[in-house]
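> My structure is below; once you've seen it, I'll send some questions.
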Amino acid sequence: MPDRFDLPAGFRWGAATAAYQIEGAVDEDGRGPSVWDTFSARPGAVRDGHTGAVACDHYHRYPEDIALMKDLGLDGYRFSIAWPRVLPTGAGKVNEAGLAFYDRLVDALLEAGITPLPTLFHWDLPQALEDEGGWLNRDTAYRFAEYASVVADRLGDRIPTWITLNEPFVHTVFGYALGTHAPGHTLMFEALPAAHHQLLAHGLAASLLHERGLEVMLSNNLTPVWPASSSPEDAAAAATYDALHNRLFTDPVLLGRYPDLSALGVPDDIFGAVQPGDTDLIHTPGLDGLGLNYYNPTRVAAPSSPDLPFDLVAIPDVPHTAFGWPVVPDALRQLLIGLRELYGNALPPITITENGCSVEETTDPDRPRIDYLATHLDALAQAIAEGVDVRGYYTWSLLDNYEWAEGFHQRFGLVHVDFETQRRTPKASFAWYRNLIAAHRR
């Protein structure tokens, strides 16, 4: 493995986490319940009935975790703020104890020389808002903007850049269309109003953040979409899937319009969700940076049943992670080049806000993760050499954590966490990443 890559001066090195996946303390200091508290308590919803009630106990152990970050030599730490910890019912009275936790966290990060990069929404919607319709309710977008203002007014003097939403595609499809994530709805394409309302929330919050002199990003999970063959039918299916997975959450923000969703049977007003002026509200604030979460490409074939206008099919002859995801590092380079070609001057600087892999605990000495990170960083360096403006890389994840519907079974961390004792043990990939960061500073 190379000890360094050809990356621009000032390239930022980071690691990422999310509130419900690491914080725990779900009943402490006035935090209200989230949709993930409710969903994980539902029998059969999460593998082995695991919940995030304790998770990594980061709420109490954050000084230890920041010491690990400092040892890594991180420039930045991407984390999420738990909306129900700040506003227990999603709106109204602010929970001072919740805000105080993030005050302490931010101050400790800055003292360690690490720049905080917060995400305002990483899927843990306050349950009280879900009881009123959640993201299917347009009003939730306005409640999100109010929440963003509360947090920015408290922390914005120390944090220059903010991410509004994390992976709205995944949250919409898994949470509202398929029901495999919280809040557990199975609406198929009628879930798409939840997508529009998240984008509206982004636009409203972005305007308020810009008014406060803060920079705004949006983190999307994006994937190169490959037709299964050269047939017109497979090509059409791939274009349809690309519109749903990739362009639905980038075109409105970068271009001010939705992609053509007619092949999905979705009307232009997205089942009545889009109101006059909405696309301007989403597009006009602009993005100071695009967060890109990348894990794998997607291969698509013509539909084999009338239920969907595409089939997702396996990519042959490639290795897979412990999660079963195909490992194709050059697909990251292809994705970055494709974004530049598609959006041109409308594409803002990119930060890789998530990239990593799950590895079996028995694997020693963590070689698959090191290989995954190294080959993807090499692909990233190639894309930069071809002219794509990428400013930083945040690996997923700092810690082994609660991996949503998989519970504690998928381990993405640079640091092993014993969930019985909460003991942290850096893995071989931790040492490799630390040495890599140090090499780029020499």
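We name chains A, B, ... following the order of the structure tokens; residues begin at 1 in each chain, and ligands are numbered from 1 as shown.
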If you run DSSP on the backbone, which residues of segment 120-318 of chain A are alpha helix (DSSP H), as an mmCIF file with C-alpha atoms, in the first residue's frame?


data_model
loop_
_atom_site.group_PDB
_atom_site.id
_atom_site.type_symbol
_atom_site.label_atom_id
_atom_site.label_comp_id
_atom_site.auth_asym_id
_atom_site.auth_seq_id
_atom_site.Cartn_x
_atom_site.Cartn_y
_atom_site.Cartn_z
ATOM 1 C CA GLN A 127 -41.242 10.910 17.267
ATOM 2 C CA ALA A 128 -43.666 13.729 18.037
ATOM 3 C CA LEU A 129 -43.236 15.019 14.469
ATOM 4 C CA GLU A 130 -43.655 11.513 13.057
ATOM 5 C CA ASP A 139 -44.944 21.291 8.057
ATOM 6 C CA THR A 140 -41.936 19.183 9.100
ATOM 7 C CA ALA A 141 -39.768 21.151 6.667
ATOM 8 C CA TYR A 142 -40.585 24.364 8.505
ATOM 9 C CA ARG A 143 -39.980 22.768 11.890
ATOM 10 C CA PHE A 144 -36.562 21.660 10.595
ATOM 11 C CA ALA A 145 -35.706 25.228 9.610
ATOM 12 C CA GLU A 146 -36.600 26.413 13.112
ATOM 13 C CA TYR A 147 -34.427 23.680 14.621
ATOM 14 C CA ALA A 148 -31.530 24.632 12.335
ATOM 15 C CA SER A 149 -31.800 28.232 13.504
ATOM 16 C CA VAL A 150 -31.738 27.237 17.177
ATOM 17 C CA VAL A 151 -28.602 25.133 16.773
ATOM 18 C CA ALA A 152 -26.799 27.586 14.494
ATOM 19 C CA ASP A 153 -27.481 30.471 16.860
ATOM 20 C CA ARG A 154 -25.879 28.484 19.671
ATOM 21 C CA LEU A 155 -22.917 26.907 17.851
ATOM 22 C CA PRO A 168 -32.215 11.699 1.867
ATOM 23 C CA PHE A 169 -32.429 8.952 -0.790
ATOM 24 C CA VAL A 170 -31.693 6.213 1.742
ATOM 25 C CA HIS A 171 -33.993 7.709 4.359
ATOM 26 C CA THR A 172 -36.845 8.059 1.859
ATOM 27 C CA LEU A 192 -41.700 10.539 -2.682
ATOM 28 C CA PRO A 193 -43.447 13.465 -0.961
ATOM 29 C CA ALA A 194 -41.059 12.680 1.921
ATOM 30 C CA ALA A 195 -38.202 13.296 -0.515
ATOM 31 C CA HIS A 196 -39.591 16.650 -1.584
ATOM 32 C CA HIS A 197 -40.218 17.778 1.968
ATOM 33 C CA GLN A 198 -36.637 16.895 2.965
ATOM 34 C CA LEU A 199 -35.326 18.931 0.035
ATOM 35 C CA LEU A 200 -37.625 21.791 1.002
ATOM 36 C CA ALA A 201 -36.267 21.546 4.555
ATOM 37 C CA HIS A 202 -32.756 21.755 3.165
ATOM 38 C CA GLY A 203 -33.565 24.868 1.154
ATOM 39 C CA LEU A 204 -35.271 26.645 4.030
ATOM 40 C CA ALA A 205 -32.469 25.816 6.456
ATOM 41 C CA ALA A 206 -29.752 26.705 3.931
ATOM 42 C CA SER A 207 -31.187 30.198 3.549
ATOM 43 C CA LEU A 208 -31.214 30.726 7.307
ATOM 44 C CA LEU A 209 -27.663 29.416 7.689
ATOM 45 C CA HIS A 210 -26.414 31.662 4.891
ATOM 46 C CA GLU A 211 -28.071 34.642 6.578
ATOM 47 C CA PRO A 232 -31.918 -0.486 -24.914
ATOM 48 C CA GLU A 233 -34.149 -2.009 -22.237
ATOM 49 C CA ASP A 234 -31.327 -2.265 -19.705
ATOM 50 C CA ALA A 235 -30.130 1.237 -20.600
ATOM 51 C CA ALA A 236 -33.626 2.663 -20.024
ATOM 52 C CA ALA A 237 -33.928 0.877 -16.683
ATOM 53 C CA ALA A 238 -30.523 2.202 -15.614
ATOM 54 C CA ALA A 239 -31.494 5.764 -16.554
ATOM 55 C CA THR A 240 -34.672 5.438 -14.499
ATOM 56 C CA TYR A 241 -32.793 4.170 -11.467
ATOM 57 C CA ASP A 242 -30.169 6.911 -11.846
ATOM 58 C CA ALA A 243 -32.913 9.539 -11.818
ATOM 59 C CA LEU A 244 -34.325 8.087 -8.599
ATOM 60 C CA HIS A 245 -31.140 7.389 -6.661
ATOM 61 C CA ASP A 251 -30.857 18.177 -9.728
ATOM 62 C CA PRO A 252 -33.263 20.310 -7.639
ATOM 63 C CA VAL A 253 -30.427 21.715 -5.514
ATOM 64 C CA LEU A 254 -27.886 22.276 -8.293
ATOM 65 C CA ASP A 278 -40.776 25.289 -3.973
ATOM 66 C CA THR A 279 -38.047 24.600 -6.512
ATOM 67 C CA ASP A 280 -36.754 28.153 -6.059
ATOM 68 C CA LEU A 281 -36.696 27.654 -2.285
ATOM 69 C CA ILE A 282 -34.655 24.488 -2.765
ATOM 70 C CA HIS A 283 -32.289 25.826 -5.426
#

> Could you make a table, as CSV, of the residues of segment 16-93 of chain A that have an atom within 10 Å of an atom of segment 424-435 of chain A, each with its nearest atom pair and distance in Å to one decimal, counting only C-alpha atoms, in chain and number order?


residue,atom,partner,partner_atom,distance
A:Cys56,CA,A:Arg424,CA,9.2
A:Glu64,CA,A:Arg424,CA,8.8
A:Asp65,CA,A:Arg424,CA,8.5
A:Leu68,CA,A:Pro426,CA,8.3
A:Met69,CA,A:Arg434,CA,9.4
A:Lys70,CA,A:Arg434,CA,9.7
A:Asp71,CA,A:Arg434,CA,7.5
A:Leu72,CA,A:Arg434,CA,4.6
A:Gly73,CA,A:Arg434,CA,6.3
A:Leu74,CA,A:Arg434,CA,8.2

> For each of A:Phe79, A:Phe174, A:Phe189, A:Phe408, take the minimum atom-to-atom distance to Ile66 of chain A, counting only C-alpha atoms, then give the residue where this is smallest.

A:Phe79

> Pick the closest to Asn355 of chain A from A:His376, A:Arg4, A:Arg367, A:Arg299: which is it, counting only C-alpha atoms?

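Selected residue with least distance to Asn355 of chain A: A:His376.
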
> Using backbone DSSP assignments, extract all strand (DSSP E) residues from segment 237-296 of chain A; output them as an MDAnalysis selection string.

chainID A and resid 289:293

> At a cut-off of 6 Å, using only C-alpha atoms, what residues contact Val35 of chain A? Leave out same-chain residues fewer than 3 positions from it and give the result as a PDB file with C-alpha atoms, in the first residue's frame.


ATOM      1  CA  THR A  38     -39.744   3.602  18.406  1.00  0.00           C
ATOM      2  CA  PHE A  39     -38.734   1.495  15.420  1.00  0.00           C
ATOM      3  CA  ASP A 124     -33.455  10.518  13.969  1.00  0.00           C
ATOM      4  CA  LEU A 125     -36.672  12.514  13.506  1.00  0.00           C
ATOM      5  CA  GLN A 127     -41.242  10.910  17.267  1.00  0.00           C
ATOM      6  CA  ALA A 182     -37.524   3.930  10.752  1.00  0.00           C
ATOM      7  CA  PRO A 183     -40.260   5.056  10.618  1.00  0.00           C
TER       8      PRO A 183
END

> Got a sec: who's within 8 Å of segment 308-324 of chain A, counting only C-alpha atoms, leaving out chain neighbours fewer than 4 positions off, as a list in words?

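Non-adjacent residues within range: Ala228, Ala237, Ala238, Thr240, Tyr241, Ala263, Leu264, Thr298, Arg299, Val300, Ala301, Ala302, Pro303, Ser304, Val328, Cys357, Ser358, Val359, Glu360 and Gln410 of chain A.
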
> Which polymer residues have any atom within 7 Å of an atom of segment 382-384 of chain A, counting only C-alpha atoms, with same-chain residues fewer than 5 positions away left out, as number ranges by chain?

A: 333, 336-337, 389-390

> Quick one: residues within 9 Å of His50 of chain A, only C-alpha atoms, excluding same-chain residues fewer than 6 positions away - as a PDB file with N, CA, C and O atoms, in the first residue's frame?


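The resulting file, part-v2.pdb, is shown below:
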ATOM      1  N   SER A  40     -36.817   0.646  16.677  1.00  0.00           N
ATOM      2  CA  SER A  40     -35.957  -0.426  17.178  1.00  0.00           C
ATOM      3  C   SER A  40     -36.615  -1.214  18.307  1.00  0.00           C
ATOM      4  O   SER A  40     -36.199  -2.349  18.591  1.00  0.00           O
ATOM      5  N   ALA A  41     -37.636  -0.633  18.938  1.00  0.00           N
ATOM      6  CA  ALA A  41     -38.375  -1.359  19.971  1.00  0.00           C
ATOM      7  C   ALA A  41     -39.444  -2.277  19.379  1.00  0.00           C
ATOM      8  O   ALA A  41     -40.032  -3.092  20.113  1.00  0.00           O
ATOM      9  N   TYR A 402     -23.860   1.314  16.093  1.00  0.00           N
ATOM     10  CA  TYR A 402     -25.180   0.744  15.821  1.00  0.00           C
ATOM     11  C   TYR A 402     -25.491   0.960  14.351  1.00  0.00           C
ATOM     12  O   TYR A 402     -25.688   2.092  13.910  1.00  0.00           O
ATOM     13  N   TRP A 404     -27.979   0.649  12.273  1.00  0.00           N
ATOM     14  CA  TRP A 404     -29.385   0.705  11.879  1.00  0.00           C
ATOM     15  C   TRP A 404     -30.066  -0.658  11.956  1.00  0.00           C
ATOM     16  O   TRP A 404     -29.996  -1.299  13.010  1.00  0.00           O
ATOM     17  N   ALA A 405     -30.699  -1.133  10.910  1.00  0.00           N
ATOM     18  CA  ALA A 405     -31.463  -2.378  10.982  1.00  0.00           C
ATOM     19  C   ALA A 405     -30.590  -3.604  11.210  1.00  0.00           C
ATOM     20  O   ALA A 405     -31.084  -4.672  11.567  1.00  0.00           O
ATOM     21  N   GLU A 406     -29.266  -3.460  11.021  1.00  0.00           N
ATOM     22  CA  GLU A 406     -28.345  -4.558  11.290  1.00  0.00           C
ATOM     23  C   GLU A 406     -27.875  -4.585  12.747  1.00  0.00           C
ATOM     24  O   GLU A 406     -27.090  -5.459  13.128  1.00  0.00           O
ATOM     25  N   GLY A 407     -28.329  -3.637  13.552  1.00  0.00           N
ATOM     26  CA  GLY A 407     -27.902  -3.600  14.943  1.00  0.00           C
ATOM     27  C   GLY A 407     -26.398  -3.453  15.061  1.00  0.00           C
ATOM     28  O   GLY A 407     -25.774  -2.629  14.398  1.00  0.00           O
ATOM     29  N   PHE A 408     -25.794  -4.291  15.893  1.00  0.00           N
ATOM     30  CA  PHE A 408     -24.347  -4.206  16.132  1.00  0.00           C
ATOM     31  C   PHE A 408     -23.564  -5.249  15.339  1.00  0.00           C
ATOM     32  O   PHE A 408     -22.425  -5.570  15.676  1.00  0.00           O
TER      33      PHE A 408
END

> With only C-alpha atoms as the atoms that count, which of A:Arg391, A:Thr353, A:Arg31, A:Leu347 lies nearest to Val94 of chain A?

A:Arg31

> Between atom CA of Gly286 of chain A and atom CA of Asn221 of chain A, what is the distance, to one decimal in Å?

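So the answer is 18.7 Å.
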
> Please tabulate, as CSV, the residues of segment 316-355 of chain A that come within 9 Å of segment 291-296 of chain A, each with its closest pair of atoms and the distance in Å to one decimal, counting only C-alpha atoms and ordering rows by chain, then residue number upward.


residue,atom,partner,partner_atom,distance
A:Trp325,CA,A:Asn296,CA,6.6
A:Pro326,CA,A:Asn296,CA,6.0
A:Val327,CA,A:Asn296,CA,6.2
A:Val328,CA,A:Asn296,CA,6.4
A:Pro329,CA,A:Asn296,CA,7.9
A:Ala331,CA,A:Asn296,CA,7.2
A:Leu332,CA,A:Tyr294,CA,7.0
A:Leu335,CA,A:Tyr294,CA,8.9
A:Pro349,CA,A:Gly291,CA,8.8
A:Ile350,CA,A:Gly291,CA,5.9
A:Thr351,CA,A:Gly291,CA,5.0
A:Ile352,CA,A:Leu292,CA,4.8
A:Thr353,CA,A:Gly291,CA,5.3
A:Glu354,CA,A:Asn293,CA,4.4
A:Asn355,CA,A:Tyr294,CA,5.5

> Selection from above, N, CA, C and O atoms, as a PDB file, in the first residue's frame, can you write it?


ATOM      1  N   TRP A 325     -21.701  -5.791   0.100  1.00  0.00           N
ATOM      2  CA  TRP A 325     -21.633  -4.731  -0.902  1.00  0.00           C
ATOM      3  C   TRP A 325     -20.425  -4.957  -1.820  1.00  0.00           C
ATOM      4  O   TRP A 325     -19.321  -5.267  -1.335  1.00  0.00           O
ATOM      5  N   PRO A 326     -20.593  -4.792  -3.137  1.00  0.00           N
ATOM      6  CA  PRO A 326     -19.478  -4.998  -4.058  1.00  0.00           C
ATOM      7  C   PRO A 326     -18.402  -3.934  -3.881  1.00  0.00           C
ATOM      8  O   PRO A 326     -18.698  -2.760  -3.639  1.00  0.00           O
ATOM      9  N   VAL A 327     -17.157  -4.343  -3.992  1.00  0.00           N
ATOM     10  CA  VAL A 327     -16.012  -3.446  -3.830  1.00  0.00           C
ATOM     11  C   VAL A 327     -15.439  -3.148  -5.212  1.00  0.00           C
ATOM     12  O   VAL A 327     -14.822  -4.003  -5.844  1.00  0.00           O
ATOM     13  N   VAL A 328     -15.669  -1.923  -5.706  1.00  0.00           N
ATOM     14  CA  VAL A 328     -15.188  -1.499  -7.027  1.00  0.00           C
ATOM     15  C   VAL A 328     -14.607  -0.094  -6.873  1.00  0.00           C
ATOM     16  O   VAL A 328     -15.284   0.911  -7.117  1.00  0.00           O
ATOM     17  N   PRO A 329     -13.356   0.036  -6.459  1.00  0.00           N
ATOM     18  CA  PRO A 329     -12.798   1.362  -6.165  1.00  0.00           C
ATOM     19  C   PRO A 329     -12.859   2.322  -7.345  1.00  0.00           C
ATOM     20  O   PRO A 329     -13.141   3.521  -7.149  1.00  0.00           O
ATOM     21  N   ALA A 331     -14.983   2.772  -9.432  1.00  0.00           N
ATOM     22  CA  ALA A 331     -16.311   3.356  -9.595  1.00  0.00           C
ATOM     23  C   ALA A 331     -16.412   4.711  -8.899  1.00  0.00           C
ATOM     24  O   ALA A 331     -17.199   5.571  -9.327  1.00  0.00           O
ATOM     25  N   LEU A 332     -15.623   4.939  -7.848  1.00  0.00           N
ATOM     26  CA  LEU A 332     -15.608   6.260  -7.212  1.00  0.00           C
ATOM     27  C   LEU A 332     -15.040   7.292  -8.172  1.00  0.00           C
ATOM     28  O   LEU A 332     -15.574   8.403  -8.303  1.00  0.00           O
ATOM     29  N   LEU A 335     -17.668   7.979 -10.754  1.00  0.00           N
ATOM     30  CA  LEU A 335     -18.749   8.789 -10.208  1.00  0.00           C
ATOM     31  C   LEU A 335     -18.360  10.258 -10.169  1.00  0.00           C
ATOM     32  O   LEU A 335     -19.137  11.143 -10.574  1.00  0.00           O
ATOM     33  N   PRO A 349     -17.511  22.505  -4.903  1.00  0.00           N
ATOM     34  CA  PRO A 349     -16.463  21.606  -4.406  1.00  0.00           C
ATOM     35  C   PRO A 349     -17.065  20.419  -3.648  1.00  0.00           C
ATOM     36  O   PRO A 349     -18.088  20.560  -2.962  1.00  0.00           O
ATOM     37  N   ILE A 350     -16.427  19.276  -3.792  1.00  0.00           N
ATOM     38  CA  ILE A 350     -16.929  18.039  -3.210  1.00  0.00           C
ATOM     39  C   ILE A 350     -16.085  17.663  -1.996  1.00  0.00           C
ATOM     40  O   ILE A 350     -14.869  17.855  -1.984  1.00  0.00           O
ATOM     41  N   THR A 351     -16.738  17.137  -0.983  1.00  0.00           N
ATOM     42  CA  THR A 351     -16.065  16.472   0.126  1.00  0.00           C
ATOM     43  C   THR A 351     -16.625  15.059   0.229  1.00  0.00           C
ATOM     44  O   THR A 351     -17.844  14.878   0.211  1.00  0.00           O
ATOM     45  N   ILE A 352     -15.743  14.067   0.325  1.00  0.00           N
ATOM     46  CA  ILE A 352     -16.211  12.711   0.579  1.00  0.00           C
ATOM     47  C   ILE A 352     -16.574  12.649   2.061  1.00  0.00           C
ATOM     48  O   ILE A 352     -15.698  12.638   2.928  1.00  0.00           O
ATOM     49  N   THR A 353     -17.862  12.630   2.354  1.00  0.00           N
ATOM     50  CA  THR A 353     -18.309  12.695   3.742  1.00  0.00           C
ATOM     51  C   THR A 353     -18.542  11.318   4.353  1.00  0.00           C
ATOM     52  O   THR A 353     -18.738  11.221   5.572  1.00  0.00           O
ATOM     53  N   GLU A 354     -18.547  10.265   3.538  1.00  0.00           N
ATOM     54  CA  GLU A 354     -18.534   8.888   4.041  1.00  0.00           C
ATOM     55  C   GLU A 354     -17.890   7.992   2.996  1.00  0.00           C
ATOM     56  O   GLU A 354     -18.186   8.097   1.805  1.00  0.00           O
ATOM     57  N   ASN A 355     -17.039   7.088   3.461  1.00  0.00           N
ATOM     58  CA  ASN A 355     -16.494   6.014   2.637  1.00  0.00           C
ATOM     59  C   ASN A 355     -15.820   5.029   3.572  1.00  0.00           C
ATOM     60  O   ASN A 355     -15.020   5.427   4.414  1.00  0.00           O
TER      61      ASN A 355
END

> Tell me, as a CSV table (one decimal) with all heavy atoms, in the first residue's frame, which residues lie within 10 Å of Val106 of chain A, counting only C-alpha atoms; anything in the same chain fewer than 2 positions away does not count.


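Dumped everything to around_12.csv:
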chain,number,residue,atom,x,y,z
A,77,TYR,N,-14.0,16.4,12.1
A,77,TYR,CA,-14.8,15.3,12.6
A,77,TYR,C,-16.3,15.6,12.2
A,77,TYR,O,-16.8,16.6,12.6
A,77,TYR,CB,-14.7,15.2,14.1
A,77,TYR,CG,-15.7,14.3,14.8
A,77,TYR,CD1,-15.9,12.9,14.4
A,77,TYR,CD2,-16.5,14.7,15.8
A,77,TYR,CE1,-16.8,12.1,15.0
A,77,TYR,CE2,-17.4,13.9,16.5
A,77,TYR,CZ,-17.6,12.6,16.1
A,77,TYR,OH,-18.5,11.8,16.7
A,100,ALA,N,-26.4,22.0,25.6
A,100,ALA,CA,-25.1,22.1,26.4
A,100,ALA,C,-24.2,20.9,26.1
A,100,ALA,O,-23.0,21.1,26.1
A,100,ALA,CB,-25.5,22.1,27.9
A,101,PHE,N,-24.7,19.7,25.8
A,101,PHE,CA,-23.9,18.6,25.4
A,101,PHE,C,-23.1,19.0,24.1
A,101,PHE,O,-21.9,18.7,24.1
A,101,PHE,CB,-24.7,17.4,25.2
A,101,PHE,CG,-23.9,16.3,24.5
A,101,PHE,CD1,-22.9,15.6,25.1
A,101,PHE,CD2,-24.2,15.9,23.1
A,101,PHE,CE1,-22.1,14.7,24.4
A,101,PHE,CE2,-23.4,15.0,22.5
A,101,PHE,CZ,-22.4,14.3,23.1
A,102,TYR,N,-23.8,19.5,23.1
A,102,TYR,CA,-23.1,19.9,21.9
A,102,TYR,C,-22.1,21.0,22.1
A,102,TYR,O,-21.1,21.1,21.4
A,102,TYR,CB,-24.1,20.1,20.8
A,102,TYR,CG,-24.8,18.8,20.5
A,102,TYR,CD1,-26.1,18.7,20.8
A,102,TYR,CD2,-24.2,17.8,19.9
A,102,TYR,CE1,-26.8,17.5,20.6
A,102,TYR,CE2,-24.8,16.6,19.6
A,102,TYR,CZ,-26.2,16.4,20.0
A,102,TYR,OH,-26.8,15.2,19.8
A,103,ASP,N,-22.4,21.9,23.0
A,103,ASP,CA,-21.5,23.0,23.4
A,103,ASP,C,-20.2,22.3,23.9
A,103,ASP,O,-19.1,22.7,23.5
A,103,ASP,CB,-22.0,23.8,24.5
A,103,ASP,CG,-22.5,25.2,24.1
A,103,ASP,OD1,-22.0,25.7,23.1
A,103,ASP,OD2,-23.4,25.8,24.7
A,104,ARG,N,-20.3,21.4,24.8
A,104,ARG,CA,-19.1,20.7,25.4
A,104,ARG,C,-18.3,20.0,24.3
A,104,ARG,O,-17.1,20.0,24.2
A,104,ARG,CB,-19.5,19.8,26.5
A,104,ARG,CG,-20.2,20.5,27.7
A,104,ARG,CD,-20.3,19.5,28.9
A,104,ARG,NE,-21.1,18.3,28.6
A,104,ARG,CZ,-22.4,18.3,28.8
A,104,ARG,NH1,-23.1,19.3,29.2
A,104,ARG,NH2,-23.1,17.1,28.5
A,108,ALA,N,-14.5,20.9,23.0
A,108,ALA,CA,-13.5,19.9,23.2
A,108,ALA,C,-12.8,19.5,21.9
A,108,ALA,O,-11.6,19.3,21.8
A,108,ALA,CB,-14.1,18.6,23.9
A,109,LEU,N,-13.6,19.5,20.8
A,109,LEU,CA,-13.0,19.2,19.5
A,109,LEU,C,-12.1,20.4,19.1
A,109,LEU,O,-10.9,20.1,18.7
A,109,LEU,CB,-14.1,19.1,18.4
A,109,LEU,CG,-14.9,17.8,18.5
A,109,LEU,CD1,-16.2,18.0,17.6
A,109,LEU,CD2,-14.1,16.6,18.0
A,110,LEU,N,-12.5,21.6,19.3
A,110,LEU,CA,-11.7,22.7,19.0
A,110,LEU,C,-10.4,22.8,19.8
A,110,LEU,O,-9.3,23.1,19.3
A,110,LEU,CB,-12.4,24.0,19.1
A,110,LEU,CG,-13.6,24.2,18.1
A,110,LEU,CD1,-14.4,25.4,18.5
A,110,LEU,CD2,-13.1,24.3,16.7
A,111,GLU,N,-10.5,22.4,21.1
A,111,GLU,CA,-9.3,22.4,21.9
A,111,GLU,C,-8.3,21.4,21.4
A,111,GLU,O,-7.1,21.5,21.6
A,111,GLU,CB,-9.7,22.1,23.4
A,111,GLU,CG,-8.6,22.2,24.3
A,111,GLU,CD,-9.1,22.0,25.8
A,111,GLU,OE1,-10.3,21.9,26.0
A,111,GLU,OE2,-8.2,21.8,26.7
A,112,ALA,N,-8.8,20.3,20.8
A,112,ALA,CA,-8.0,19.2,20.3
A,112,ALA,C,-7.5,19.6,18.9
A,112,ALA,O,-6.7,18.7,18.3
A,112,ALA,CB,-8.7,17.9,20.3
A,114,ILE,N,-9.4,20.0,16.2
A,114,ILE,CA,-10.2,19.3,15.2
A,114,ILE,C,-11.4,20.2,14.8
A,114,ILE,O,-12.2,20.7,15.7
A,114,ILE,CB,-10.7,18.0,15.8
A,114,ILE,CG1,-9.5,17.1,16.1
A,114,ILE,CG2,-11.6,17.3,14.8
A,114,ILE,CD1,-9.8,15.9,17.0
A,115,THR,N,-11.7,20.4,13.6
A,115,THR,CA,-12.8,21.2,13.1
A,115,THR,C,-14.1,20.4,13.1
A,115,THR,O,-14.2,19.4,12.4
A,115,THR,CB,-12.5,21.8,11.7
A,115,THR,OG1,-11.4,22.6,11.7
A,115,THR,CG2,-13.7,22.6,11.2
A,116,PRO,N,-15.1,20.9,13.8
A,116,PRO,CA,-16.4,20.1,13.8
A,116,PRO,C,-17.1,20.4,12.5
A,116,PRO,O,-17.1,21.5,11.9
A,116,PRO,CB,-17.2,20.8,14.9
A,116,PRO,CG,-16.2,21.6,15.7
A,116,PRO,CD,-15.1,22.0,14.8
A,117,LEU,N,-17.7,19.3,11.9
A,117,LEU,CA,-18.6,19.4,10.8
A,117,LEU,C,-19.9,18.7,11.1
A,117,LEU,O,-20.0,17.5,11.0
A,117,LEU,CB,-17.9,18.7,9.6
A,117,LEU,CG,-18.7,18.7,8.2
A,117,LEU,CD1,-18.9,20.1,7.8
A,117,LEU,CD2,-17.9,17.9,7.2
A,118,PRO,N,-20.9,19.4,11.6
A,118,PRO,CA,-22.1,18.8,12.0
A,118,PRO,C,-23.1,18.6,10.9
A,118,PRO,O,-23.2,19.4,10.0
A,118,PRO,CB,-22.6,19.8,13.0
A,118,PRO,CG,-22.1,21.2,12.5
A,118,PRO,CD,-20.8,20.9,11.9
A,155,LEU,N,-24.2,27.5,18.2
A,155,LEU,CA,-22.9,26.9,17.9
A,155,LEU,C,-22.2,27.6,16.7
A,155,LEU,O,-21.1,27.3,16.4
A,155,LEU,CB,-23.0,25.4,17.6
A,155,LEU,CG,-23.7,24.6,18.7
A,155,LEU,CD1,-23.8,23.1,18.2
A,155,LEU,CD2,-22.9,24.6,20.0
A,158,ARG,N,-18.6,29.0,16.3
A,158,ARG,CA,-17.5,28.2,16.4
A,158,ARG,C,-17.4,27.2,15.2
A,158,ARG,O,-16.4,26.5,15.0
A,158,ARG,CB,-17.4,27.4,17.7
A,158,ARG,CG,-17.0,28.2,18.9
A,158,ARG,CD,-17.6,27.6,20.2
A,158,ARG,NE,-19.0,27.8,20.3
A,158,ARG,CZ,-19.8,27.2,21.1
A,158,ARG,NH1,-19.3,26.2,21.9
A,158,ARG,NH2,-21.1,27.5,21.2
A,159,ILE,N,-18.5,27.1,14.4
A,159,ILE,CA,-18.5,26.1,13.4
A,159,ILE,C,-18.8,26.8,12.0
A,159,ILE,O,-19.9,27.3,11.9
A,159,ILE,CB,-19.6,25.0,13.6
A,159,ILE,CG1,-19.4,24.3,15.0
A,159,ILE,CG2,-19.7,24.0,12.5
A,159,ILE,CD1,-20.5,23.4,15.4

> Take atom CA of Asp418 of chain A and atom CA of Pro63 of chain A and report the distance between them in Å, one decimal.

17.4 Å

> Between atom CA of Gly277 of chain A and atom CA of Arg257 of chain A, measure the distance and give it in Å to one decimal.

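Atom-to-atom, atom CA of Gly277 of chain A and atom CA of Arg257 of chain A are spaced 11.2 Å apart.
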